[in-house]
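K.L.:
So here's input-v5.txt, just compact mmCIF, C-alpha atoms:
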```
# COMPACT_ATOMS: atom_id res chain seq x y z
CA MET V 1106 0.00 0.00 0.00
CA ASN V 1107 1.18 3.52 -0.70
CA SER V 1108 2.38 5.12 2.51
CA PRO V 1109 0.50 8.30 3.38
CA ALA V 1110 2.74 11.34 3.75
CA LEU V 1111 3.18 13.10 7.07
CA SER V 1112 4.79 16.45 7.69
CA SER V 1113 6.72 14.85 10.54
CA GLY V 1114 8.75 12.85 8.04
CA GLY V 1115 7.06 9.49 8.43
CA ALA V 1116 6.53 9.53 12.20
CA PRO V 1117 3.24 8.07 13.48
CA ALA V 1118 0.37 10.29 12.41
CA ALA V 1119 -0.82 10.94 15.95
CA ALA V 1120 2.54 12.55 16.71
CA GLY V 1121 2.61 14.93 13.74
CA ALA V 1122 0.47 17.13 11.55
CA LEU V 1123 -1.11 15.64 8.48
CA ASP V 1124 0.27 16.99 5.18
CA ALA V 1125 -2.82 17.13 2.97
CA ALA V 1126 -0.93 18.49 -0.03
CA ALA V 1127 1.38 15.47 0.03
CA LEU V 1128 -1.52 13.05 0.55
CA ARG V 1129 -3.15 14.30 -2.65
CA ALA V 1130 -0.45 12.49 -4.61
CA ASP V 1131 -2.04 9.22 -3.44
CA PHE V 1132 -5.36 10.11 -5.11
CA PRO V 1133 -5.16 9.74 -8.90
CA LEU V 1134 -8.18 11.89 -9.69
CA LEU V 1135 -6.73 14.76 -7.65
CA ALA V 1136 -3.08 14.26 -8.58
CA ASP V 1137 -3.63 13.84 -12.32
CA ARG V 1138 -5.60 17.02 -12.92
CA ALA V 1139 -3.85 19.25 -15.44
CA SER V 1140 -2.63 22.62 -14.20
CA ASP V 1141 -5.09 24.40 -16.51
CA GLU V 1142 -7.96 22.28 -15.17
CA PRO V 1143 -7.91 22.90 -11.42
CA LEU V 1144 -10.16 20.96 -9.06
CA ILE V 1145 -10.97 21.89 -5.50
CA TYR V 1146 -13.05 18.92 -4.40
CA LEU V 1147 -15.37 19.86 -1.53
CA ASP V 1148 -17.99 17.15 -2.01
CA SER V 1149 -16.44 14.33 0.00
CA ALA V 1150 -19.53 14.07 2.24
CA ALA V 1151 -21.34 12.75 -0.83
CA THR V 1152 -18.54 10.59 -2.24
CA ALA V 1153 -14.88 10.66 -1.27
CA GLN V 1154 -12.07 10.18 -3.75
CA ARG V 1155 -10.14 6.90 -3.65
CA PRO V 1156 -6.42 6.52 -3.07
CA ARG V 1157 -4.36 4.40 -5.41
CA ALA V 1158 -4.05 1.76 -2.68
CA VAL V 1159 -7.81 1.13 -2.81
CA ILE V 1160 -7.95 1.01 -6.59
CA ASP V 1161 -4.97 -1.35 -6.73
CA ALA V 1162 -6.40 -3.65 -4.06
CA GLU V 1163 -9.69 -4.10 -5.89
CA VAL V 1164 -8.03 -4.58 -9.28
CA ASP V 1165 -5.49 -7.01 -7.83
CA TYR V 1166 -8.29 -9.13 -6.37
CA ILE V 1167 -10.10 -9.23 -9.71
CA VAL V 1168 -6.93 -10.15 -11.59
CA ARG V 1169 -5.50 -12.68 -9.13
CA ALA V 1170 -8.24 -14.14 -6.93
CA ASN V 1171 -11.69 -13.61 -8.43
CA ALA V 1172 -14.00 -16.48 -7.43
CA ALA V 1173 -17.27 -17.17 -5.60
CA VAL V 1174 -16.68 -17.11 -1.86
CA HIS V 1175 -17.91 -19.75 0.63
CA ARG V 1176 -18.92 -22.05 -2.23
CA GLY V 1177 -15.97 -23.69 -3.91
CA ALA V 1178 -13.59 -26.44 -2.87
CA HIS V 1179 -10.89 -25.27 -5.26
CA THR V 1180 -7.87 -23.21 -4.25
CA LEU V 1181 -8.98 -20.01 -5.96
CA ALA V 1182 -12.30 -20.03 -4.11
CA ALA V 1183 -10.49 -20.63 -0.82
CA ASP V 1184 -8.17 -17.69 -1.53
CA ALA V 1185 -11.12 -15.44 -2.38
CA THR V 1186 -12.95 -16.48 0.78
CA GLU V 1187 -9.91 -15.76 2.91
CA LEU V 1188 -9.51 -12.27 1.42
CA PHE V 1189 -13.25 -11.63 1.86
CA GLU V 1190 -13.28 -12.63 5.52
CA ASP V 1191 -9.97 -10.87 6.22
CA ALA V 1192 -11.60 -7.73 4.83
CA ARG V 1193 -14.53 -8.22 7.21
CA ALA V 1194 -12.18 -8.49 10.18
CA THR V 1195 -10.24 -5.40 9.07
CA VAL V 1196 -13.31 -3.21 8.60
CA ALA V 1197 -14.96 -4.49 11.78
CA GLY V 1198 -11.79 -3.71 13.75
CA PHE V 1199 -11.81 -0.15 12.37
CA VAL V 1200 -15.10 0.49 14.21
CA GLY V 1201 -14.07 -1.48 17.31
CA ALA V 1202 -16.14 -4.56 16.52
CA ASP V 1203 -15.55 -8.28 16.11
CA ALA V 1204 -15.79 -9.81 12.65
CA ASP V 1205 -19.05 -11.62 13.42
CA GLN V 1206 -20.64 -8.28 14.33
CA LEU V 1207 -20.28 -6.90 10.79
CA VAL V 1208 -22.76 -7.65 8.02
CA TRP V 1209 -21.76 -6.66 4.49
CA THR V 1210 -24.35 -4.55 2.71
CA SER V 1211 -24.40 -2.52 -0.48
CA GLY V 1212 -24.33 0.64 1.64
CA ALA V 1213 -25.94 2.35 4.61
CA THR V 1214 -29.34 2.60 2.90
CA ALA V 1215 -29.39 -1.16 2.40
CA GLY V 1216 -28.33 -1.70 6.01
CA ILE V 1217 -31.17 0.41 7.41
CA ASN V 1218 -33.70 -1.24 5.13
CA LEU V 1219 -32.37 -4.64 6.21
CA VAL V 1220 -33.08 -3.80 9.85
CA ALA V 1221 -36.50 -2.25 9.14
CA TYR V 1222 -37.65 -5.24 7.08
CA ALA V 1223 -36.21 -7.70 9.60
CA ILE V 1224 -38.28 -6.01 12.30
CA GLY V 1225 -41.27 -6.27 9.98
CA ASN V 1226 -40.61 -9.98 9.56
CA ALA V 1227 -40.44 -10.37 13.34
CA THR V 1228 -43.77 -8.54 13.58
CA ALA V 1229 -45.22 -11.05 11.11
CA GLY V 1230 -44.10 -13.90 13.35
CA ARG V 1231 -41.10 -14.95 11.32
CA GLY V 1232 -37.75 -15.92 12.82
CA ALA V 1233 -36.66 -17.74 15.93
CA PRO V 1234 -38.53 -17.30 19.23
CA ALA V 1235 -36.02 -14.62 20.21
CA SER V 1236 -37.20 -12.51 17.26
CA ALA V 1237 -40.47 -11.78 19.04
CA ARG V 1238 -38.72 -9.11 21.10
CA PHE V 1239 -38.60 -6.91 17.99
CA ALA V 1240 -42.27 -7.29 17.01
CA LEU V 1241 -44.19 -4.02 16.69
CA ARG V 1242 -47.83 -3.59 17.57
CA PRO V 1243 -50.25 -0.81 16.63
CA GLY V 1244 -49.47 2.18 18.82
CA ASP V 1245 -45.83 1.24 19.41
CA GLU V 1246 -43.50 4.10 18.55
CA ILE V 1247 -40.48 4.54 16.30
CA VAL V 1248 -38.48 7.68 17.08
CA VAL V 1249 -36.21 9.49 14.63
CA THR V 1250 -34.83 13.03 14.50
CA GLU V 1251 -35.65 16.04 12.38
CA SER V 1252 -32.13 15.95 10.96
CA GLU V 1253 -32.32 12.54 9.29
CA HIS V 1254 -31.04 11.70 5.84
CA HIS V 1255 -33.96 10.22 3.92
CA ALA V 1256 -32.27 6.82 4.16
CA ASN V 1257 -32.85 6.87 7.92
CA LEU V 1258 -36.38 8.20 7.66
CA ILE V 1259 -38.31 6.59 4.81
CA PRO V 1260 -37.62 2.95 5.83
CA TRP V 1261 -39.14 3.77 9.24
CA GLN V 1262 -42.10 5.52 7.63
CA GLU V 1263 -42.72 2.36 5.64
CA LEU V 1264 -42.31 0.10 8.67
CA ALA V 1265 -44.79 2.21 10.63
CA ALA V 1266 -47.28 1.99 7.76
CA ARG V 1267 -46.93 -1.80 7.60
CA THR V 1268 -47.22 -2.43 11.33
CA GLY V 1269 -49.46 0.32 12.68
CA ALA V 1270 -46.62 1.80 14.70
CA VAL V 1271 -46.44 5.56 15.22
CA LEU V 1272 -43.48 7.52 13.88
CA ARG V 1273 -42.32 10.42 16.05
CA HIS V 1274 -39.40 12.80 15.70
CA ILE V 1275 -37.04 14.78 17.92
CA GLY V 1276 -36.77 18.36 16.72
CA VAL V 1277 -33.72 20.57 16.42
CA HIS V 1278 -33.10 24.01 17.89
CA ASP V 1279 -32.48 27.05 15.70
CA ASP V 1280 -28.73 26.42 16.02
CA GLY V 1281 -29.12 22.87 14.70
CA THR V 1282 -28.53 21.00 17.96
CA LEU V 1283 -31.02 18.32 18.98
CA ASP V 1284 -33.73 19.28 21.43
CA LEU V 1285 -32.72 16.87 24.19
CA ASP V 1286 -35.46 18.09 26.53
CA ALA V 1287 -38.03 17.14 23.91
CA ALA V 1288 -36.21 13.84 23.37
CA ALA V 1289 -36.63 12.98 27.05
CA GLU V 1290 -40.37 13.55 26.73
CA ILE V 1291 -40.82 11.76 23.39
CA ILE V 1292 -38.84 8.61 24.23
CA GLY V 1293 -41.11 6.69 26.53
CA ALA V 1294 -42.78 3.41 27.36
CA ARG V 1295 -44.15 2.92 23.83
CA THR V 1296 -40.80 3.58 22.13
CA ARG V 1297 -39.52 0.39 20.51
CA VAL V 1298 -36.98 1.74 18.03
CA MET V 1299 -34.88 4.90 18.02
CA ALA V 1300 -32.84 5.83 14.92
CA PHE V 1301 -30.55 8.85 14.72
CA PRO V 1302 -27.53 10.22 12.84
CA HIS V 1303 -24.15 10.30 14.56
CA VAL V 1304 -23.40 13.37 12.43
CA SER V 1305 -25.95 15.32 10.42
CA ASN V 1306 -25.04 15.37 6.73
CA VAL V 1307 -26.35 18.96 6.53
CA LEU V 1308 -25.34 20.50 9.83
CA GLY V 1309 -22.06 18.70 10.49
CA ILE V 1310 -22.88 18.55 14.21
CA VAL V 1311 -21.85 15.45 16.16
CA ASN V 1312 -24.89 14.35 18.13
CA PRO V 1313 -24.65 13.28 21.82
CA VAL V 1314 -24.72 9.51 21.37
CA ASP V 1315 -24.38 8.77 25.09
CA ARG V 1316 -27.44 10.87 25.98
CA LEU V 1317 -29.59 9.38 23.25
CA VAL V 1318 -28.56 5.79 23.98
CA ALA V 1319 -29.20 6.31 27.70
CA LEU V 1320 -32.74 7.55 27.00
CA ALA V 1321 -33.44 4.56 24.77
CA ARG V 1322 -31.99 2.06 27.23
CA GLU V 1323 -34.22 3.34 30.01
CA VAL V 1324 -37.26 2.15 28.06
CA GLY V 1325 -35.67 -0.89 26.37
CA ALA V 1326 -35.77 0.57 22.85
CA LEU V 1327 -33.58 -0.72 20.03
CA THR V 1328 -31.10 1.91 18.77
CA LEU V 1329 -29.74 2.33 15.25
CA MET V 1330 -27.11 4.95 14.44
CA ASP V 1331 -26.32 6.30 10.99
CA ALA V 1332 -22.51 6.63 11.06
CA CYS V 1333 -22.02 7.58 7.39
CA GLN V 1334 -20.68 11.05 8.19
CA SER V 1335 -18.62 10.00 11.20
CA ALA V 1336 -16.81 6.82 10.11
CA PRO V 1337 -14.46 8.67 7.70
CA HIS V 1338 -13.65 11.43 10.18
CA LEU V 1339 -13.80 10.20 13.79
CA ALA V 1340 -12.26 7.26 15.61
CA LEU V 1341 -15.22 4.96 16.29
CA ASP V 1342 -15.77 2.28 18.89
CA LEU V 1343 -19.30 1.17 18.15
CA PRO V 1344 -19.54 -1.45 20.92
CA ALA V 1345 -18.39 1.13 23.49
CA SER V 1346 -20.93 3.66 22.18
CA GLY V 1347 -23.76 1.44 23.43
CA VAL V 1348 -25.74 1.47 20.19
CA ASP V 1349 -27.40 -1.77 19.19
CA LEU V 1350 -26.91 -1.27 15.46
CA ALA V 1351 -25.02 1.13 13.19
CA VAL V 1352 -24.49 1.57 9.46
CA PHE V 1353 -21.82 3.18 7.30
CA SER V 1354 -20.96 3.43 3.60
CA GLY V 1355 -17.66 2.63 1.91
CA HIS V 1356 -17.80 5.31 -0.77
CA LYS V 1357 -17.77 8.06 1.86
CA MET V 1358 -14.63 6.68 3.52
CA LEU V 1359 -12.25 6.43 0.55
CA GLY V 1360 -13.64 3.04 -0.50
CA PRO V 1361 -15.55 1.62 -3.47
CA ASN V 1362 -19.21 2.11 -4.28
CA ALA V 1363 -21.78 -0.62 -3.53
CA ILE V 1364 -20.23 -1.69 -0.23
CA GLY V 1365 -21.08 -0.79 3.34
CA GLY V 1366 -21.43 -2.28 6.75
CA LEU V 1367 -24.12 -3.00 9.30
CA TYR V 1368 -22.70 -3.34 12.79
CA GLY V 1369 -24.80 -5.12 15.35
CA ARG V 1370 -24.44 -6.34 18.90
CA ALA V 1371 -24.10 -10.11 18.73
CA ASP V 1372 -27.31 -10.81 20.63
CA VAL V 1373 -29.28 -8.43 18.40
CA LEU V 1374 -28.00 -9.90 15.15
CA GLU V 1375 -28.64 -13.43 16.37
CA ALA V 1376 -32.25 -12.57 17.26
CA LEU V 1377 -33.19 -10.60 14.13
CA PRO V 1378 -34.83 -12.67 11.39
CA PRO V 1379 -33.34 -12.44 7.89
CA PHE V 1380 -34.54 -9.98 5.27
CA LEU V 1381 -33.14 -11.16 1.93
CA THR V 1382 -33.23 -14.91 1.49
CA GLY V 1383 -31.70 -17.35 -0.98
CA GLY V 1384 -28.37 -19.04 -1.41
CA SER V 1385 -25.39 -18.76 0.94
CA MET V 1386 -27.41 -17.87 4.05
CA ILE V 1387 -28.86 -21.30 4.80
CA THR V 1388 -27.88 -24.56 6.48
CA THR V 1389 -30.65 -27.01 5.47
CA VAL V 1390 -33.27 -26.58 2.73
CA THR V 1391 -36.26 -28.76 1.85
CA LEU V 1392 -39.06 -27.98 -0.56
CA ASP V 1393 -41.13 -26.75 2.36
CA GLU V 1394 -38.75 -24.90 4.71
CA ALA V 1395 -35.20 -23.80 5.41
CA ASP V 1396 -32.87 -23.29 8.35
CA TYR V 1397 -30.60 -20.25 8.38
CA LEU V 1398 -26.96 -19.70 9.17
CA PRO V 1399 -25.91 -17.65 12.20
CA ALA V 1400 -25.17 -13.94 11.79
CA PRO V 1401 -23.58 -12.32 9.89
CA GLN V 1402 -23.96 -14.80 7.01
CA ARG V 1403 -27.71 -15.06 7.67
CA PHE V 1404 -28.06 -11.54 6.27
CA GLU V 1405 -25.81 -12.06 3.23
CA ALA V 1406 -27.91 -13.90 0.68
CA GLY V 1407 -26.61 -14.39 -2.83
CA THR V 1408 -23.40 -13.30 -4.52
CA GLN V 1409 -21.38 -10.96 -2.33
CA PRO V 1410 -19.47 -7.75 -3.22
CA VAL V 1411 -16.08 -9.37 -2.73
CA SER V 1412 -13.81 -7.01 -4.67
CA GLN V 1413 -15.57 -4.05 -3.04
CA ALA V 1414 -15.02 -5.52 0.42
CA VAL V 1415 -11.33 -5.98 -0.36
CA GLY V 1416 -11.20 -2.37 -1.55
CA LEU V 1417 -12.92 -1.09 1.57
CA ALA V 1418 -10.43 -2.95 3.75
CA ALA V 1419 -7.65 -1.19 1.83
CA ALA V 1420 -9.38 2.15 2.50
CA VAL V 1421 -9.52 1.34 6.20
CA ARG V 1422 -5.83 0.46 6.24
CA TYR V 1423 -5.06 3.74 4.49
CA LEU V 1424 -7.02 5.72 7.10
CA GLU V 1425 -5.35 3.80 9.92
CA ASN V 1426 -1.93 4.44 8.41
CA VAL V 1427 -2.62 8.18 8.28
CA GLY V 1428 -4.08 7.94 11.80
CA MET V 1429 -7.62 8.89 12.72
CA PRO V 1430 -6.44 11.34 15.44
CA ALA V 1431 -4.43 13.18 12.76
CA VAL V 1432 -7.40 13.11 10.38
CA HIS V 1433 -9.69 14.51 13.05
CA ALA V 1434 -7.26 17.26 14.08
CA HIS V 1435 -6.67 18.30 10.46
CA GLU V 1436 -10.38 18.40 9.65
CA ALA V 1437 -11.27 20.23 12.87
CA ARG V 1438 -8.89 23.01 11.88
CA LEU V 1439 -10.35 23.15 8.36
CA GLU V 1440 -13.87 23.26 9.78
CA ARG V 1441 -13.04 26.31 11.90
CA ARG V 1442 -11.34 28.00 8.95
CA MET V 1443 -14.31 27.35 6.68
CA ARG V 1444 -17.05 28.33 9.11
CA ASP V 1445 -15.26 31.45 10.37
CA GLY V 1446 -14.66 32.51 6.78
CA LEU V 1447 -18.27 31.96 5.73
CA ARG V 1448 -19.47 34.02 8.68
CA GLU V 1449 -17.54 36.99 7.31
CA VAL V 1450 -19.16 36.88 3.86
CA PRO V 1451 -22.19 39.23 3.64
CA GLY V 1452 -25.45 37.50 2.81
CA ILE V 1453 -24.37 34.01 3.86
CA ARG V 1454 -26.58 32.10 6.30
CA LEU V 1455 -25.05 28.99 7.82
CA LEU V 1456 -27.30 26.11 8.80
CA GLY V 1457 -26.60 24.73 12.27
CA ASP V 1458 -24.12 27.44 13.22
CA ALA V 1459 -23.78 26.25 16.82
CA ASP V 1460 -20.68 27.12 18.80
CA GLY V 1461 -19.34 24.77 21.44
CA THR V 1462 -20.37 21.60 19.65
CA GLU V 1463 -18.16 18.92 18.17
CA ARG V 1464 -18.34 19.00 14.38
CA VAL V 1465 -16.92 17.48 11.23
CA ALA V 1466 -15.56 19.62 8.38
CA LEU V 1467 -18.87 20.25 6.67
CA ALA V 1468 -20.87 23.45 6.17
CA ALA V 1469 -24.24 23.99 4.48
CA PHE V 1470 -25.33 27.53 3.75
CA ASP V 1471 -27.79 29.74 1.94
CA VAL V 1472 -26.70 32.63 -0.30
CA GLU V 1473 -29.16 35.49 0.03
CA GLY V 1474 -30.86 36.27 -3.27
CA VAL V 1475 -29.16 33.43 -5.17
CA HIS V 1476 -30.56 29.93 -5.65
CA ALA V 1477 -28.30 27.14 -4.40
CA HIS V 1478 -28.02 25.62 -7.87
CA ASP V 1479 -26.88 28.92 -9.36
CA ALA V 1480 -24.35 29.33 -6.58
CA GLY V 1481 -23.09 25.81 -7.23
CA GLN V 1482 -22.66 26.48 -10.94
CA PHE V 1483 -20.76 29.70 -10.16
CA LEU V 1484 -18.36 27.73 -7.95
CA ASP V 1485 -18.04 24.90 -10.46
CA ALA V 1486 -16.99 27.38 -13.15
CA ARG V 1487 -14.08 28.23 -10.86
CA GLY V 1488 -13.06 24.60 -10.41
CA ILE V 1489 -14.74 24.17 -7.00
CA ALA V 1490 -16.98 21.11 -6.58
CA VAL V 1491 -19.66 21.43 -3.89
CA ARG V 1492 -23.05 19.86 -3.28
CA VAL V 1493 -26.34 21.68 -3.91
CA GLY V 1494 -29.93 20.71 -3.12
CA HIS V 1495 -31.59 19.38 0.01
CA HIS V 1496 -28.92 16.67 0.44
CA CYS V 1497 -31.60 14.00 0.98
CA ALA V 1498 -32.75 15.90 4.07
CA ALA V 1499 -35.79 17.81 2.83
CA PRO V 1500 -37.60 17.99 6.22
CA LEU V 1501 -34.54 19.55 7.85
CA HIS V 1502 -34.33 22.20 5.13
CA ARG V 1503 -38.01 23.01 5.61
CA ARG V 1504 -37.28 23.40 9.33
CA PHE V 1505 -34.94 26.24 8.39
CA GLY V 1506 -37.34 27.75 5.86
CA MET V 1507 -35.57 26.73 2.66
CA THR V 1508 -35.70 24.07 -0.03
CA ALA V 1509 -32.00 23.85 -0.90
CA SER V 1510 -28.55 24.85 0.32
CA VAL V 1511 -24.93 24.77 -0.80
CA ARG V 1512 -22.78 22.24 1.07
CA ALA V 1513 -19.00 22.19 1.22
CA SER V 1514 -17.25 19.25 2.89
CA ALA V 1515 -13.57 18.68 3.53
CA THR V 1516 -11.54 15.61 4.35
CA LEU V 1517 -7.96 14.48 4.81
CA TYR V 1518 -6.82 15.53 1.32
CA THR V 1519 -8.32 19.04 1.61
CA THR V 1520 -5.76 21.83 2.02
CA ASP V 1521 -5.87 25.28 3.60
CA ALA V 1522 -5.45 26.67 0.08
CA ASP V 1523 -8.59 24.79 -1.01
CA ILE V 1524 -10.61 26.41 1.77
CA ASP V 1525 -9.21 29.87 1.09
CA ALA V 1526 -9.98 29.62 -2.64
CA PHE V 1527 -13.49 28.42 -1.80
CA LEU V 1528 -14.10 31.33 0.57
CA ASP V 1529 -12.80 33.82 -1.96
CA ALA V 1530 -15.14 32.39 -4.60
CA VAL V 1531 -18.15 32.41 -2.24
CA ALA V 1532 -17.54 36.10 -1.60
CA GLY V 1533 -18.01 36.68 -5.32
CA ILE V 1534 -21.34 34.90 -5.74
CA ARG V 1535 -23.73 37.68 -4.77
CA PRO V 1536 -21.89 40.45 -6.63
CA PHE V 1537 -21.84 38.27 -9.78
CA PHE V 1538 -25.63 37.88 -9.64
CA GLY V 1539 -26.18 41.56 -8.83
CA GLU V 1540 -27.12 40.98 -5.19
CA GLY V 1541 -25.83 43.01 -2.25
```
Spit out the file's structure as structure tokens when you get a sec.

P.N.:
Amino acid sequence: MNSPALSSGGAPAAAGALDAAALRADFPLLADRASDEPLIYLDSAATAQRPRAVIDAEVDYIVRANAAVHRGAHTLAADATELFEDARATVAGFVGADADQLVWTSGATAGINLVAYAIGNATAGRGAPASARFALRPGDEIVVTESEHHANLIPWQELAARTGAVLRHIGVHDDGTLDLDAAAEIIGARTRVMAFPHVSNVLGIVNPVDRLVALAREVGALTLMDACQSAPHLALDLPASGVDLAVFSGHKMLGPNAIGGLYGRADVLEALPPFLTGGSMITTVTLDEADYLPAPQRFEAGTQPVSQAVGLAAAVRYLENVGMPAVHAHEARLERRMRDGLREVPGIRLLGDADGTERVALAAFDVEGVHAHDAGQFLDARGIAVRVGHHCAAPLHRRFGMTASVRASATLYTTDADIDAFLDAVAGIRPFFGEG
């Protein structure tokens, strides 16, 4: 694997500052841009760029070891299976978990839907006797937050519609922080499931996991955390966090598309009934019934994303080699630089501009008098890639009285110069459109 560059001359990342400009050389799309075709990539919250180590790992698997895992008796299949399961152990270890606590999915959306449909199957009486603990009855409550990505909202809407459960939400304050007083009132005896984001993909605020988990535990509710915007930026220990389940996506953490993970406490995964069924997740099959494998294989029906899993493991090794403390420190500094700079631009309204809260390097904002899409095109013409729209969080945008915003997100390969160029360009948006 290519060794990430550190300004401390190769010392452990935790002991030295991260050199983002040097790291960019590891990312072909960033390193190979011609000088007359600049790219300042500030859309990593949507999809991060991949280092050469990830690309090489996936290609090397395809060239040297491509075979169906868990199915063949030949040497190539055994090699593929070993790489696949080694990748599971590597990625599980990155979030503090054991290998058998990680289910491969095609992404976080698939992981959340897996859980929601598994609970629906338990409600229908499917699964082992232990599955009955997840069954929902009319009037039971599912609690989410007002800051959810649609992927952690719509599956619960659908589950509520199928089971007669009631969907409730915890609101946010004007500064974007969760209303914890309201949460304490909403989470009660009828709460069976609570789902929430570790980090809002619009606000960038790190939510108080310990407080939310404590409220859910008091009433015996199952917790699911969306860790898509935290896994690439913060050192995670999911078992220590106390959550029952968590999801994350590979393409946001330097890895391939179509791969993600569902973490689950061992007792929870063992009790949940399967969602997708078919080959590779069974022990015994007759024409009338089937018995299922233990977790995690029980949730991995059909052909698996093997090369993607190998690539994600390479992404995890890359992040570990850089050092998550160094990543977090670098991004925290960029976040302050970006938010302080945006505050100084006339006509810019930041969403979730709360001081004193832990954040990732992400900022969503409105440009007075200019539609977000126009602002995004203005920035793109200057070689700056940002996200525009409601970022799959339409209810949260309505909470702040808007339909769309501009979102800039930084990561380990983002430089101070990138942020400064972005801020300079943002300052030119309103004058260009004749505003202000």

K.L.:
Pull the closest atom pair for each residue of range 1271-1320 of chain V that gets at most 12 Å from range 1432-1440 of chain V, along with the distance in Å to one decimal, counting all atoms listed in the file, ordering rows by chain and then ascending residue number, as JSON lines.

P.N.:
```
{"residue": "V:Leu1308", "atom": "CA", "partner": "V:Glu1440", "partner_atom": "CA", "distance": 11.8}
{"residue": "V:Gly1309", "atom": "CA", "partner": "V:Glu1440", "partner_atom": "CA", "distance": 9.4}
{"residue": "V:Ile1310", "atom": "CA", "partner": "V:Glu1440", "partner_atom": "CA", "distance": 11.1}
```

K.L.:
Hey, could you make a per-residue contact list for range 1295-1412 of chain V against range 1451-1475 of chain V with 9 Å as the cut-off, showing the nearest pair of atoms and its distance in Å to one decimal, counting only C-alpha atoms, sorted by chain and number, as a Markdown table?

P.N.:
```
| residue | atom | partner | partner_atom | distance |
| --- | --- | --- | --- | --- |
| V:Val1304 | CA | V:Val1465 | CA | 7.8 |
| V:Asn1306 | CA | V:Leu1467 | CA | 7.9 |
| V:Val1307 | CA | V:Ala1469 | CA | 5.8 |
| V:Leu1308 | CA | V:Gly1457 | CA | 5.0 |
| V:Gly1309 | CA | V:Leu1467 | CA | 5.2 |
| V:Ile1310 | CA | V:Arg1464 | CA | 4.6 |
| V:Val1311 | CA | V:Arg1464 | CA | 5.3 |
| V:Asn1312 | CA | V:Glu1463 | CA | 8.1 |
| V:Gln1334 | CA | V:Val1465 | CA | 8.0 |
| V:Ser1335 | CA | V:Val1465 | CA | 7.7 |
| V:His1338 | CA | V:Val1465 | CA | 7.0 |
| V:Leu1339 | CA | V:Val1465 | CA | 8.3 |
```

K.L.:
Taking only C-alpha atoms into account, name the residue in V:Arg1316, V:His1303, V:Arg1403, V:His1356 that is nearest to Asp1284 in chain V.

P.N.:
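The closest residue to Asp1284 in chain V is V:Arg1316.
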
K.L.:
I want to know what sits within 10 Å of Thr1186 in chain V, based on all atoms listed in the file, with residues of the same chain fewer than 4 positions away left out; could you give that as a list in words?

P.N.:
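These residues fall inside the cut-off: Ala1170, Asn1171, Ala1172, Ala1173, Val1174, His1175, Arg1176, Gly1177, Thr1180, Leu1181, Ala1182, Glu1190, Asp1191, Ala1192 and Val1411 of chain V.
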
K.L.:
One decimal, Å: what's the distance from CA of Ala1125 in chain V over to CA of Ile1145 in chain V, could you say?

P.N.:
12.7 Å

K.L.:
Excluding same-chain residues fewer than 5 positions from Phe1199 in chain V, what lies within 12 Å of it counting only C-alpha atoms, as a PyMOL selection string?

P.N.:
chain V and resi 1192-1194+1204+1207+1336-1344+1353+1358+1366+1368+1417-1426+1428-1429

K.L.:
Create the file for the chosen residues now, containing C-alpha atoms and written as a PDB file, in the coordinates of the input.

P.N.:
```pdb
ATOM      1  CA  ALA V1192     -11.600  -7.730   4.830  1.00  0.00           C
ATOM      2  CA  ARG V1193     -14.530  -8.220   7.210  1.00  0.00           C
ATOM      3  CA  ALA V1194     -12.180  -8.490  10.180  1.00  0.00           C
ATOM      4  CA  ALA V1204     -15.790  -9.810  12.650  1.00  0.00           C
ATOM      5  CA  LEU V1207     -20.280  -6.900  10.790  1.00  0.00           C
ATOM      6  CA  ALA V1336     -16.810   6.820  10.110  1.00  0.00           C
ATOM      7  CA  PRO V1337     -14.460   8.670   7.700  1.00  0.00           C
ATOM      8  CA  HIS V1338     -13.650  11.430  10.180  1.00  0.00           C
ATOM      9  CA  LEU V1339     -13.800  10.200  13.790  1.00  0.00           C
ATOM     10  CA  ALA V1340     -12.260   7.260  15.610  1.00  0.00           C
ATOM     11  CA  LEU V1341     -15.220   4.960  16.290  1.00  0.00           C
ATOM     12  CA  ASP V1342     -15.770   2.280  18.890  1.00  0.00           C
ATOM     13  CA  LEU V1343     -19.300   1.170  18.150  1.00  0.00           C
ATOM     14  CA  PRO V1344     -19.540  -1.450  20.920  1.00  0.00           C
ATOM     15  CA  PHE V1353     -21.820   3.180   7.300  1.00  0.00           C
ATOM     16  CA  MET V1358     -14.630   6.680   3.520  1.00  0.00           C
ATOM     17  CA  GLY V1366     -21.430  -2.280   6.750  1.00  0.00           C
ATOM     18  CA  TYR V1368     -22.700  -3.340  12.790  1.00  0.00           C
ATOM     19  CA  LEU V1417     -12.920  -1.090   1.570  1.00  0.00           C
ATOM     20  CA  ALA V1418     -10.430  -2.950   3.750  1.00  0.00           C
ATOM     21  CA  ALA V1419      -7.650  -1.190   1.830  1.00  0.00           C
ATOM     22  CA  ALA V1420      -9.380   2.150   2.500  1.00  0.00           C
ATOM     23  CA  VAL V1421      -9.520   1.340   6.200  1.00  0.00           C
ATOM     24  CA  ARG V1422      -5.830   0.460   6.240  1.00  0.00           C
ATOM     25  CA  TYR V1423      -5.060   3.740   4.490  1.00  0.00           C
ATOM     26  CA  LEU V1424      -7.020   5.720   7.100  1.00  0.00           C
ATOM     27  CA  GLU V1425      -5.350   3.800   9.920  1.00  0.00           C
ATOM     28  CA  ASN V1426      -1.930   4.440   8.410  1.00  0.00           C
ATOM     29  CA  GLY V1428      -4.080   7.940  11.800  1.00  0.00           C
ATOM     30  CA  MET V1429      -7.620   8.890  12.720  1.00  0.00           C
TER      31      MET V1429
END
```

K.L.:
Nearest to Ala1122 in chain V among V:Phe1505, V:Leu1329, V:Pro1399, V:Pro1430, with distances taken over all atoms listed in the file: which residue is it?

P.N.:
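Smallest distance to Ala1122 in chain V is found for V:Pro1430.
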